[in-house]
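First the structure, in the form of structure tokens, and then the observations on it.
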Amino acid sequence: MTHENADLDALASLAAAKKLYPDAVALLPRRLNRNGRDFLTLYGEPFQFTLQEQAPRRRFKHILLVDTQSLPSARGIADAPTVHIVDHHPLARALDERTTFSGGDVGASTTLLVETIREKNLPLTRLEATLFALGIYEDTGSLAYSSTTARDLKAAAFLVEQGASFDLIGEFLRQPLAEEQRALYNQLLRRAQTHEIGGQTIVISAVSVKDYVQEVSTLAHQLMLLYDPNALFLLVQMRNEIQLIARSRSEAIDVAEIARAFGGGGHTTAAAALIHSRGLKTQQKKLLQLLEQQIEPQTTVHDIMSYGVRVLAPGDTIAHAAEQARRWGHEGFPVVSKKKLVGVLTRREIDRALHHKLQKQAVSRFMSEPVSVAPGDSIEQLQRVMTQHSLGQLPVVQDGNIVGIVTRTDLLKLYSESARPSRNAEFAARLERALPRDLLLLVQNAARMAREFGYSTYLVGGFVRDLCIGEANLDIDIVVEGDAIQLARQLAERYGGRVHTHARFGTAKWILEDEGLHLDFATARTEFYEYPSALPDVERSSIKLDLHRRDFTINALALCLDPERYGFLLDPYGGEVDLQRGLVRVLHNLSFIEDPTRILRAVRFEQRFGFTIEARTGQLIDDARHLLEKVSGQRLRHELDLIFGEAEPERALARLQQLGALVKIQTSLNADDWLASKFAGLRQAYTPTPILYLGLLAYRLRTSEVRALAKRLRLVKGETEILVEVVTLRLLERQLNHPNLAPSRVVELLERFDDAALAVFAIATDSEQTAQYVDQYRGEWRGVQSALTGNDLKALGLEPGPRYKEILSALRAQRLDGTITEREQEEEFVRTRL
């Protein structure tokens with residue numbers, strides 16, 4: 001069974017149910033929409049429908065309801081039948097023990113039944129496929145309604161494969177209005193009123209007719225096309241009943257919820273109710289009240305706008321405006337005088353002025369009238385203003401002051417994010433698992449205080465990246481859309497602790513020494529590079545621009561800490577997808593030009609995570625690797641130290657060599673299999689440090705090359721000498737590579753060298769004998785000394801002088817070689833020498 005006033009979806013669902021249960025009775029409702037009646041008149045015979053008056057005279061104990069959740073009245077239904085409901089609308093009532101439900105988030109009930117037919121591999125005639133397709137196409141607006149799902153499209157495609165006729169589909173979907181429908185349509189048109197509620201455009205039309213008119217829902221579709229509102233509500237009084245027909249194309253307006261308030265139902269985009277009342281005006285008033293109460297913008301301008309607005313003054317020149325547009329990539333600027341918005345200057349107007357060589361003219365000559373939106377405006381209102389004024393960005397004004405900027409890009413990102421279900425709860429749970437309880441509370445307290453100042457806070461960078469892939473990381477950085485230094489100081493004032501600040505970069509560290517905790521804060525900022533490989537100029541900005549300055553998509557992730565958006569993952573560049581695909585990708589084509597050290601970082605992350613540098617990123621590395629020659633030594637050393645801090649730095653060095661980047665640091669460096677084996681040996685023997693890794697890297701170089709490398713990396717004197725000693729030790733290997741070498745001789749050769757150089761030498765030498773000597777020297781022989789001291793020599797009658805050193809050295813050598821083991825022997829040795 002299905003509902004009265006059956007549309008094509010109800011009729012097709014009934015036919016599909018009969019196909020699945022051929023022994024059941026498919027009972028037609030008493031009233032069908034005109035297109036359904038016309039279809040049955042011409043093509044109904046093969047479908048074996050049963051009219052109500054022809055129903056068999058027996059008691060029906062089992063009922064399958066399709067496209068409805070209410071059991072219609074019909075002859076022969078048992079007192080307490082078992083009922084199974086198949087409906088694409090959400091379940092709208094509690095079920096008793098005899099009723100079951102199966103539905104789905106699809107656009108048509110026919111889709112659900114066609115899926116079962118396909119699973120059972122039941123053959124379809126061309127006429128069956130056509131009727132089923134009619135049901136899907138009508139209820140999904142030819143697959144164009146927002147309630148349409150991929151399952152509807154797959155079901156429709158299957159039916160087309162089964163031979164569904166598009167000629168018949170077109171004929172029965174596009175039937176002309178009947179005379180009484182045209183009259184009602186004109187009446188609805190005259191009485192239609194437009195309302196703005198919660199930023200949504202809503203059309204309501206309430207009319208009364210003497211005679212019953214079928215298929216009012218068809219008129220709703222026509223009026224939606226005509227007015228293009230966010231939602232449409234029709235109230236049509238027919239005798240003692242009022243039909244409510246509702247349509248919506250906005251997520252902010254759930255018409256099913258509105259219809260339920262009138263005793264009806266449906267789904268979020270299409271619903272209806274039959275109201276048993278003659279009070280048309282009363283019901284219209286009730287409808288307006290419900291809309292006022294229930295419609296609130298799900299997303300407002302405040303949710304997507306950026307802070308840190310760059311503005312121009314009316315007296316600024318076009319040349320200055322062009323420079324600012326080039327520097328920051330903006331498509332226009334608000335023009336402000338005395339903190340008030342007085343106009344908007346677009347990139348288009350800047351270019352026109354430059355074309356006419358008017359670069360010295362003031363921007364006030366070319367700016368348009370001030371146009372803005374408010375933080376609380378809906379996204380629909382924002383779209384209307386942008387479209388009306390042909391502007392790609394708008395200033396956001398509150399209480400007469402500019403508080404932000406919103407752009408077309410923000411809208412595009414919003415819609416791409418809206419297509420995905422909310423994962424706030426998922427990331428909030430991940431955060432709670434990742435952070436110790438006391439540190440999590442600290443972060444949450446900071447976020448709450450930031451909101452008191454009107455700031456937004458975000459966890460950023462490596463912590464969020466590692467949170468996405470399940471890696472442990474307690475290196476927390478918080479970006480503040482506001483004054484990070486002020487926030488840190490206020491936190492210290494309220495909760496204790498002390499604060500370290502760096503004013504140039506707008507950063508602060510809040511330290512709670514008693515708890516052993518700290519948090520790092522940074523003001524959201526953007527960077528501009530005056531020339532390739534330069535250090536950037538820094539300016540305060542928004543979280544989106546802050547993420548844009550970062551190196552790779554996998555590091556351009558932020559997790560919102562604001563209480564109202566806690567756990568929201570901001571991913572403007574597809575970083576999470578690249579994490580899933582295992583790709584290292586730069587954000588823009590000039591990334592390596594601006595900062596060539598990102599080449600080293602790209603390789604470091606690639607090798608750490610077992611990822612692959614994305615193809616285009618690899619091409620950009622190839623284009624920019626020569627710029628590494630211009631990078632300062634301190635910055636290169638810093639990046640190399642980070643590589644040496646990885647679990648297997650040799651892999652990154654080998655990859656840098658493969659990319660042709662290692663030779664741009666020093667032409668003689670070689671990261672081959674020998675180096676890889678020595679790095680691994682270093683980790684087995686010692687806790688490695690950067691200088692030890694550098695020593696191995698320098699071991700096979702000439703002394704002049706080592707000094708050139710030290711100069712390139714700006715090593716301090718002590719580090720340089722260690723590397724030089726490593727090379728010197730390599731040259732001593734021939735003297736050490738002899739069995740039965742006296743310990744005193746080994747000590748004589750090695751004692752002038754730094755222990756770090758000796759540690760490198762022990763790993764780097766390919767001679768087991770030499771390595772053994774070095775280990776014995778470092779572990780045993782180096783500590784051997786004579787029992788006698790200078791004071792003892794003086795007591796024995798030796799005058800102080802150079803002979804002290806000669807004699808003590810000789811005593812030590814005797815001790816090392818085992819010829820002297822006791823103090824008395826040393827004394828005898830001295831007396832003999834004397």
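By convention in this document, the chains of the structure tokens carry letters A, B, ... by their order, each chain's residues are numbered from 1, and ligands are numbered from 1 in the order they are shown.
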
Selection near A:Leu512, 8 Å with only C-alpha atoms, sequence-local residues under 3 positions removed, as a PDB file with C-alpha atoms, in the first residue's frame:
ATOM      1  CA  GLY A 496      50.330  32.496  37.365  1.00  0.00           C
ATOM      2  CA  GLY A 497      53.616  31.762  35.625  1.00  0.00           C
ATOM      3  CA  ARG A 498      55.846  34.003  33.571  1.00  0.00           C
ATOM      4  CA  GLU A 515      53.621  22.404  36.921  1.00  0.00           C
ATOM      5  CA  GLY A 516      56.449  21.868  34.426  1.00  0.00           C
ATOM      6  CA  LEU A 517      54.234  23.117  31.586  1.00  0.00           C
ATOM      7  CA  HIS A 518      54.422  25.787  28.920  1.00  0.00           C
TER       8      HIS A 518
END

Excluding same-chain residues fewer than 2 positions from A:Val774, what lies within 8 Å of it counting only C-alpha atoms, as number ranges by chain?
A: 750, 758, 761-762, 770-772, 776-778

Determine, counting only C-alpha atoms, which protein, DNA and RNA residues have an atom within 9 Å of an atom of stretch 52-62 of chain A; residues of the same chain fewer than 3 positions away are not included. Present the result as a list in words.
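Listed by chain and then number, they are Val25, Leu27, Leu28, Pro29, Arg30, Ala74, Arg75, Gly76, Ile77, Ala78, Asp79, Ala80, Pro81, Thr82, Val83 and His84 of chain A.
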
Give me every strand (DSSP E) residue in stretch 263-393 of chain A, going by DSSP on the backbone, as a short mmCIF file (atom, residue, chain, number, x, y, z; two decimals) with N, CA, C and O atoms, in the first residue's frame.
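The file below, out.cif, is the result:
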data_model
loop_
_atom_site.label_atom_id
_atom_site.label_comp_id
_atom_site.auth_asym_id
_atom_site.auth_seq_id
_atom_site.Cartn_x
_atom_site.Cartn_y
_atom_site.Cartn_z
N GLY A 265 4.64 15.94 7.73
CA GLY A 265 6.00 15.44 7.74
C GLY A 265 6.62 15.53 6.36
O GLY A 265 6.09 16.16 5.45
N GLY A 266 7.75 14.86 6.20
CA GLY A 266 8.48 14.88 4.93
C GLY A 266 9.96 14.83 5.20
O GLY A 266 10.41 14.26 6.20
N HIS A 267 10.75 15.40 4.32
CA HIS A 267 12.19 15.50 4.58
C HIS A 267 12.60 16.96 4.53
O HIS A 267 11.78 17.85 4.32
N ALA A 270 11.52 18.91 1.23
CA ALA A 270 10.14 18.83 0.73
C ALA A 270 9.26 18.18 1.79
O ALA A 270 9.59 17.12 2.31
N ALA A 271 8.15 18.86 2.11
CA ALA A 271 7.27 18.33 3.17
C ALA A 271 5.85 18.84 2.92
O ALA A 271 5.61 19.74 2.10
N ALA A 272 4.92 18.23 3.64
CA ALA A 272 3.51 18.61 3.49
C ALA A 272 2.76 18.28 4.76
O ALA A 272 3.22 17.49 5.60
N ALA A 273 1.59 18.92 4.88
CA ALA A 273 0.71 18.64 6.03
C ALA A 273 -0.72 18.92 5.60
O ALA A 273 -0.99 19.79 4.76
N LEU A 274 -1.66 18.16 6.18
CA LEU A 274 -3.10 18.40 5.96
C LEU A 274 -3.66 18.90 7.29
O LEU A 274 -3.71 18.17 8.28
N ILE A 275 -4.06 20.17 7.30
CA ILE A 275 -4.50 20.82 8.53
C ILE A 275 -6.03 20.85 8.54
O ILE A 275 -6.67 21.39 7.62
N GLY A 332 41.64 43.74 -3.93
CA GLY A 332 41.08 45.06 -3.63
C GLY A 332 41.27 45.39 -2.16
O GLY A 332 41.77 44.56 -1.37
N PHE A 333 40.89 46.62 -1.81
CA PHE A 333 41.09 47.08 -0.43
C PHE A 333 39.92 47.95 0.01
O PHE A 333 39.39 48.75 -0.78
N PRO A 334 39.53 47.87 1.29
CA PRO A 334 38.65 48.89 1.84
C PRO A 334 39.41 50.21 1.94
O PRO A 334 40.62 50.21 2.21
N VAL A 335 38.70 51.30 1.72
CA VAL A 335 39.30 52.63 1.87
C VAL A 335 38.71 53.25 3.13
O VAL A 335 37.48 53.33 3.28
N VAL A 336 39.59 53.66 4.05
CA VAL A 336 39.16 54.06 5.39
C VAL A 336 39.66 55.47 5.69
O VAL A 336 40.81 55.82 5.41
N SER A 337 38.78 56.26 6.28
CA SER A 337 39.14 57.59 6.75
C SER A 337 38.63 57.76 8.16
O SER A 337 37.43 57.55 8.43
N LYS A 340 36.60 54.94 9.62
CA LYS A 340 35.30 54.65 9.02
C LYS A 340 35.48 54.27 7.56
O LYS A 340 36.30 54.85 6.85
N LEU A 341 34.69 53.28 7.12
CA LEU A 341 34.73 52.85 5.73
C LEU A 341 34.12 53.93 4.84
O LEU A 341 32.99 54.34 5.04
N VAL A 342 34.90 54.38 3.84
CA VAL A 342 34.40 55.43 2.94
C VAL A 342 34.33 54.96 1.50
O VAL A 342 33.81 55.66 0.63
N GLY A 343 34.87 53.77 1.21
CA GLY A 343 34.83 53.27 -0.16
C GLY A 343 35.53 51.94 -0.29
O GLY A 343 36.10 51.41 0.67
N VAL A 344 35.47 51.38 -1.51
CA VAL A 344 36.13 50.12 -1.82
C VAL A 344 36.87 50.29 -3.13
O VAL A 344 36.30 50.79 -4.11
N LEU A 345 38.14 49.92 -3.16
CA LEU A 345 38.95 49.99 -4.38
C LEU A 345 39.29 48.57 -4.82
O LEU A 345 39.90 47.82 -4.08
N THR A 346 38.90 48.22 -6.06
CA THR A 346 39.14 46.88 -6.57
C THR A 346 40.40 46.84 -7.41
O THR A 346 40.89 47.87 -7.91
N GLN A 393 35.39 40.57 -2.81
CA GLN A 393 35.67 40.61 -1.38
C GLN A 393 34.93 41.80 -0.77
O GLN A 393 34.71 42.81 -1.44
#

If I take atom CA of A:Val727 and atom CA of A:Pro739, how far is one from the other in Å, to one decimal?
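Atom-to-atom, atom CA of A:Val727 to atom CA of A:Pro739, that is 22.5 Å.
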
So how far away is atom CA of A:Phe366 from atom CA of A:Glu349, in Å?
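Rounded to one decimal, the two atoms are 6.4 Å apart.
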
State, in Å with one decimal place, the distance from atom CA of A:Thr523 to atom CA of A:Thr409.
22.4 Å

I want to know what sits within 9 Å of stretch 781-796 of chain A, based on only C-alpha atoms, with residues of the same chain fewer than 5 positions away left out; could you give that as a ChimeraX atom specification?
/A:743-744,746-747,751,776,804-805,807-816,822-823,826-827,830-831

Could you pull out the helix (DSSP H, G or I) residues of stretch 165-338 of chain A, going by DSSP on the backbone, and write them as an MDAnalysis selection string?
chainID A and resid 166:173 179:191 216:227 255:260 280:294 301:304 318:328

Can you list every residue of stretch 286-371 of chain A that has an atom at most 12 Å from stretch 202-207 of chain A, with its nearest atom pair and the distance in Å to one decimal, using only C-alpha atoms, ordered by chain then number, as a Markdown table?
| residue | atom | partner | partner_atom | distance |
| --- | --- | --- | --- | --- |
| A:Leu287 | CA | A:Ile204 | CA | 9.2 |
| A:Leu288 | CA | A:Ile204 | CA | 8.9 |
| A:Leu291 | CA | A:Ile202 | CA | 9.3 |
| A:Glu292 | CA | A:Ile202 | CA | 11.1 |
| A:Ile295 | CA | A:Ile202 | CA | 10.7 |

Let's have the selection written as a PDB file, in the first residue's frame, with C-alpha atoms.
ATOM      1  CA  LEU A 287       3.723  29.523  10.215  1.00  0.00           C
ATOM      2  CA  LEU A 288       5.471  32.897  10.417  1.00  0.00           C
ATOM      3  CA  LEU A 291       9.858  30.361  10.994  1.00  0.00           C
ATOM      4  CA  GLU A 292      10.995  33.258  13.199  1.00  0.00           C
ATOM      5  CA  ILE A 295      15.474  29.784  11.324  1.00  0.00           C
TER       6      ILE A 295
END

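Using only C-alpha atoms for every distance, the candidate list A:Gln657, A:Ser364, A:Thr507, A:Thr299 yields A:Thr299 as the residue closest to A:Leu414.
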
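Proximity to A:Gly695 was assessed for A:Phe262, A:Tyr185, A:Phe166, A:Phe644 counting only C-alpha atoms; the smallest distance is recorded for A:Phe644.
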
Quick one: residues within 9 Å of A:Ala446, only C-alpha atoms counted, chain neighbours fewer than 2 positions away excluded, as a PyMOL selection string?
chain A and resi 441-444+448-451+457+487-488+491+561

Give me the residues near stretch 672-683 of chain A as a PyMOL selection string, where near means some atom within 10 Å (using only C-alpha atoms) and where sequence neighbours in that chain fewer than 5 positions away do not count.
chain A and resi 644+647-651+653-654+657+688-689+692-693+696-697+699-700+759-760+762-766

For those residues, write N, CA and C atoms to a file as a JSON list (two decimals), in the first residue's frame.
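The resulting file, out_36.json, is shown below:
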[["chain", "number", "residue", "atom", "x", "y", "z"],
["A", 644, "PHE", "N", 69.63, 15.63, 11.00],
["A", 644, "PHE", "CA", 70.40, 14.75, 11.87],
["A", 644, "PHE", "C", 69.58, 14.29, 13.08],
["A", 647, "ALA", "N", 65.33, 9.76, 12.70],
["A", 647, "ALA", "CA", 65.73, 8.40, 13.07],
["A", 647, "ALA", "C", 66.81, 7.85, 12.15],
["A", 648, "GLU", "N", 66.71, 8.13, 10.84],
["A", 648, "GLU", "CA", 67.69, 7.66, 9.87],
["A", 648, "GLU", "C", 68.05, 8.80, 8.93],
["A", 649, "PRO", "N", 68.90, 9.72, 9.37],
["A", 649, "PRO", "CA", 69.20, 10.89, 8.54],
["A", 649, "PRO", "C", 69.88, 10.55, 7.22],
["A", 650, "GLU", "N", 70.54, 9.40, 7.16],
["A", 650, "GLU", "CA", 71.23, 9.04, 5.92],
["A", 650, "GLU", "C", 70.27, 8.91, 4.74],
["A", 651, "ARG", "N", 69.01, 8.55, 5.02],
["A", 651, "ARG", "CA", 68.03, 8.43, 3.94],
["A", 651, "ARG", "C", 67.72, 9.79, 3.35],
["A", 653, "LEU", "N", 69.75, 12.43, 3.41],
["A", 653, "LEU", "CA", 70.93, 12.91, 2.69],
["A", 653, "LEU", "C", 71.05, 12.24, 1.33],
["A", 654, "ALA", "N", 70.74, 10.94, 1.27],
["A", 654, "ALA", "CA", 70.80, 10.23, -0.02],
["A", 654, "ALA", "C", 69.76, 10.79, -0.99],
["A", 657, "GLN", "N", 70.93, 14.05, -2.32],
["A", 657, "GLN", "CA", 71.92, 13.81, -3.38],
["A", 657, "GLN", "C", 71.23, 13.42, -4.68],
["A", 688, "PRO", "N", 73.80, 9.64, 19.01],
["A", 688, "PRO", "CA", 74.38, 10.53, 17.99],
["A", 688, "PRO", "C", 74.02, 11.99, 18.24],
["A", 689, "THR", "N", 74.94, 12.87, 17.86],
["A", 689, "THR", "CA", 74.72, 14.31, 17.90],
["A", 689, "THR", "C", 75.02, 14.85, 16.51],
["A", 692, "LEU", "N", 78.68, 14.71, 15.40],
["A", 692, "LEU", "CA", 79.17, 13.38, 15.07],
["A", 692, "LEU", "C", 78.75, 12.99, 13.66],
["A", 693, "TYR", "N", 77.48, 13.28, 13.31],
["A", 693, "TYR", "CA", 77.03, 13.01, 11.94],
["A", 693, "TYR", "C", 77.83, 13.85, 10.93],
["A", 696, "LEU", "N", 81.23, 12.32, 10.27],
["A", 696, "LEU", "CA", 81.21, 11.21, 9.31],
["A", 696, "LEU", "C", 81.05, 11.73, 7.89],
["A", 697, "LEU", "N", 80.22, 12.76, 7.74],
["A", 697, "LEU", "CA", 80.00, 13.34, 6.41],
["A", 697, "LEU", "C", 81.29, 13.95, 5.87],
["A", 699, "TYR", "N", 84.45, 13.01, 6.80],
["A", 699, "TYR", "CA", 85.59, 12.11, 7.02],
["A", 699, "TYR", "C", 86.43, 11.91, 5.76],
["A", 700, "ARG", "N", 85.79, 11.77, 4.61],
["A", 700, "ARG", "CA", 86.53, 11.44, 3.38],
["A", 700, "ARG", "C", 86.96, 12.68, 2.59],
["A", 759, "ALA", "N", 85.56, 9.62, 18.48],
["A", 759, "ALA", "CA", 84.34, 8.81, 18.36],
["A", 759, "ALA", "C", 83.98, 8.62, 16.89],
["A", 760, "VAL", "N", 84.08, 9.70, 16.12],
["A", 760, "VAL", "CA", 83.80, 9.60, 14.68],
["A", 760, "VAL", "C", 84.80, 8.65, 14.02],
["A", 762, "ALA", "N", 86.49, 6.18, 15.26],
["A", 762, "ALA", "CA", 86.26, 4.78, 15.63],
["A", 762, "ALA", "C", 85.17, 4.15, 14.77],
["A", 763, "ILE", "N", 84.18, 4.94, 14.39],
["A", 763, "ILE", "CA", 83.10, 4.43, 13.54],
["A", 763, "ILE", "C", 83.52, 4.45, 12.08],
["A", 764, "ALA", "N", 84.22, 5.53, 11.65],
["A", 764, "ALA", "CA", 84.50, 5.74, 10.24],
["A", 764, "ALA", "C", 85.58, 4.80, 9.70],
["A", 765, "THR", "N", 86.58, 4.44, 10.52],
["A", 765, "THR", "CA", 87.66, 3.61, 10.01],
["A", 765, "THR", "C", 87.15, 2.24, 9.60],
["A", 766, "ASP", "N", 87.69, 1.77, 8.50],
["A", 766, "ASP", "CA", 87.32, 0.42, 8.05],
["A", 766, "ASP", "C", 88.24, -0.64, 8.62]]

Residue with smallest distance to A:Leu583 - pool A:Pro229, A:Gly198, A:Pro90, A:Gly618, counting only C-alpha atoms:
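Once distances to A:Leu583 are computed over only C-alpha atoms, the minimum belongs to A:Gly618.
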
Counting only C-alpha atoms, the option among A:Ile350, A:Leu188, A:Leu736, A:Leu64 closest to A:His320:
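For A:His320, the nearest of the candidates is A:Ile350.
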